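Worksheet: the structure to be examined is printed underneath.
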Amino acid sequence: MAFHELIGQSAARAFLQRGLATGRLPASLLFTGPSGVGKRQFALALAQALNCPEAPDTGCGHCATCQRIAQGEHPDVKLIVPDGAHIRIGQVREAIRFAADLPYEGRRRVVIFERADAFNTAAANAFLKTLEEPPAHAQLILISARPDALPATIRSRCPVVRFALLSPEEVEQCLERYARRPPADQRLLARLAQGRPGTVTGLDLEVYRQQRRALLELLTLLGQGNAIPRLLKAAQYFGKLERPDFEFALDILASLLRDLVCLKTAPVAETAATETSHSLEDQPALEERLVHSDVQPKLAELANLFPLERLHQTLDRFERIWRDLDRNINRVLALEAALLELSAKV
């Protein structure tokens, strides 16, 4: 998909197009920003612009070259993804050899590293010389939602291109194009996206709603403060899921808790707006601020069961769990601790 077909990210788009137009695009780039906001699509669009025979330096998006790049089939464009938890030294050596070879069909060899923060130490060290002295015919693109996890030696050698969350209007455009669903499903997807449409375009909403129902039942039991056996059983079940499924459940649970926080603080926000003479019409409607507005009555019941401070504490624990996942923490024990704290008697 060519630059003119991409949605949002005007600052990143302008930087890349200016570099292409002037011939001063840095040979190595680090694309940073939240997951699901279009970093990979922009990397592929850049590869198209560098190799498109129909529209050099812009990319047409429709010729055979652009189509093969989009489909991962072009001989001069290589996408490297982590092998398990890491990008390994063997993958980096292969990428270095690929970048060093002259282009087979196009004008530039392009190497894209997905989740570049997954470099292991040996791989990162092996890649430094290529970053310092990239081949004249090569373009290196590192993509990361966690740039701080990259070694400083790599970050310092790559100019950063920052990507932001998309606006609600841009999210709707993305979903209309890539994940068109019935209106009720479309509304739920737009709220779940939270500015990151790429995280929901392939989401199975039937599975999502089933998981959400189970977690709402769990929150109901926790709010009653006498469900320790069920709590421990739930922690065992969710904690032993494969990591993607665990993150999926944790994300649903965290978003439900954020909605409870929103419900509990809504009257405070409205009072503050009145006292400062701000029209409530200028404030987003409560329904618009809730991710799970389709189950708002159930959330309202739950909001009465938990003190606001405890909700904040549990969300903080979830943040720590997410940060520690790469350290292979005991997910069962971590989730047990978070749920026990939430379920303490009021």
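Scheme for the structure tokens: letters A, B, ... for chains in order shown; per-chain residue numbers from 1; ligand numbers from 1 in order shown.
By only C-alpha atoms, and with residues fewer than 4 positions from Thr58 of chain A along its chain excluded, the set lying at most 8 Å from it is Ala2, Phe3, Gln17, Leu20, Gln48, Ala49, Leu50 and Cys52 of chain A.
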*Hey, what's within 9 Å of Phe238 of chain A if we count only C-alpha atoms and toss same-chain stuff fewer than 4 positions away? As a list in words, please?*
Lys233, Ala234, Glu242, Asp245, Phe246, Ala249, Leu250, Arg331, Val332 and Leu335 of chain A
*Contacts of Ser10 of chain A at 12 Å (only C-alpha atoms; same-chain gap of 3+ positions) as an MDAnalysis selection string*: chainID A and resid 3:4 6:7 13:18 38 42 161:167 170
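Distances from A:Arg157, A:Arg40, A:His62, A:Lys129 to Phe113 of chain A were compared using only C-alpha atoms, and the smallest one belongs to A:Arg40.
Restricting the calculation to only C-alpha atoms, the smallest distance between Ser144 of chain A and any of A:Gly239, A:Pro82, A:Pro53, A:Gly59 is found for A:Pro82.
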*Residues of segment 52-230 of chain A in strand (DSSP E), written as an MDAnalysis selection string*: chainID A and resid 77:80 109:113 138:144 160:162
*Mind checking which residues fall within 9 Å of Ala123 of chain A, counting only C-alpha atoms, ignoring those fewer than 4 positions away in the same chain, and posting them as a ChimeraX atom specification?*
/A:87-93,119,127-128
*When distances are computed from only C-alpha atoms, which of A:Asp57, A:Val37, A:His74, A:Leu340 shows the smallest separation from Gly23 of chain A?*
A:Asp57
Please provide as an mmCIF file with N, CA, C and O atoms, in the first residue's frame all residues within 12 Å of Thr153 of chain A, with the sequence filter that same-chain residues fewer than 4 positions apart are discarded (counting only C-alpha atoms).
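The resulting around_1.cif:
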```cif
data_model
loop_
_atom_site.group_PDB
_atom_site.id
_atom_site.type_symbol
_atom_site.label_atom_id
_atom_site.label_comp_id
_atom_site.auth_asym_id
_atom_site.auth_seq_id
_atom_site.Cartn_x
_atom_site.Cartn_y
_atom_site.Cartn_z
ATOM 1 N N THR A 121 21.655 -10.318 22.882
ATOM 2 C CA THR A 121 22.899 -9.557 22.979
ATOM 3 C C THR A 121 23.846 -9.857 21.822
ATOM 4 O O THR A 121 24.422 -8.942 21.212
ATOM 5 N N ALA A 124 22.545 -8.261 18.578
ATOM 6 C CA ALA A 124 22.711 -6.809 18.582
ATOM 7 C C ALA A 124 24.161 -6.429 18.306
ATOM 8 O O ALA A 124 24.442 -5.521 17.505
ATOM 9 N N ASN A 125 25.089 -7.115 18.940
ATOM 10 C CA ASN A 125 26.509 -6.812 18.730
ATOM 11 C C ASN A 125 26.934 -7.094 17.295
ATOM 12 O O ASN A 125 27.721 -6.344 16.704
ATOM 13 N N ALA A 126 26.401 -8.178 16.725
ATOM 14 C CA ALA A 126 26.764 -8.541 15.356
ATOM 15 C C ALA A 126 26.251 -7.521 14.339
ATOM 16 O O ALA A 126 26.825 -7.378 13.250
ATOM 17 N N PHE A 127 25.208 -6.808 14.700
ATOM 18 C CA PHE A 127 24.563 -5.888 13.758
ATOM 19 C C PHE A 127 25.166 -4.482 13.792
ATOM 20 O O PHE A 127 24.910 -3.679 12.892
ATOM 21 N N LEU A 128 25.967 -4.180 14.809
ATOM 22 C CA LEU A 128 26.449 -2.812 14.993
ATOM 23 C C LEU A 128 27.254 -2.304 13.801
ATOM 24 O O LEU A 128 27.061 -1.161 13.361
ATOM 25 N N LYS A 129 28.176 -3.103 13.287
ATOM 26 C CA LYS A 129 29.036 -2.636 12.194
ATOM 27 C C LYS A 129 28.214 -2.293 10.951
ATOM 28 O O LYS A 129 28.480 -1.294 10.271
ATOM 29 N N LEU A 131 25.106 -1.287 10.964
ATOM 30 C CA LEU A 131 24.416 -0.030 11.243
ATOM 31 C C LEU A 131 25.349 1.169 11.098
ATOM 32 O O LEU A 131 24.945 2.238 10.636
ATOM 33 N N GLU A 132 26.598 0.996 11.518
ATOM 34 C CA GLU A 132 27.564 2.090 11.420
ATOM 35 C C GLU A 132 27.934 2.390 9.975
ATOM 36 O O GLU A 132 28.096 3.551 9.590
ATOM 37 N N PRO A 147 11.163 0.869 22.367
ATOM 38 C CA PRO A 147 12.536 1.244 21.977
ATOM 39 C C PRO A 147 13.512 1.277 23.142
ATOM 40 O O PRO A 147 14.711 1.079 22.945
ATOM 41 N N ASP A 148 13.007 1.525 24.356
ATOM 42 C CA ASP A 148 13.905 1.551 25.514
ATOM 43 C C ASP A 148 14.527 0.186 25.785
ATOM 44 O O ASP A 148 15.549 0.093 26.469
ATOM 45 N N ALA A 149 13.906 -0.878 25.258
ATOM 46 C CA ALA A 149 14.458 -2.221 25.443
ATOM 47 C C ALA A 149 15.587 -2.525 24.465
ATOM 48 O O ALA A 149 16.277 -3.532 24.619
ATOM 49 N N ARG A 157 22.409 4.780 16.766
ATOM 50 C CA ARG A 157 22.808 4.732 15.362
ATOM 51 C C ARG A 157 21.626 4.821 14.404
ATOM 52 O O ARG A 157 21.821 4.760 13.180
ATOM 53 N N CYS A 158 20.418 4.958 14.931
ATOM 54 C CA CYS A 158 19.224 4.970 14.082
ATOM 55 C C CYS A 158 18.380 6.217 14.344
ATOM 56 O O CYS A 158 17.823 6.359 15.442
#
```
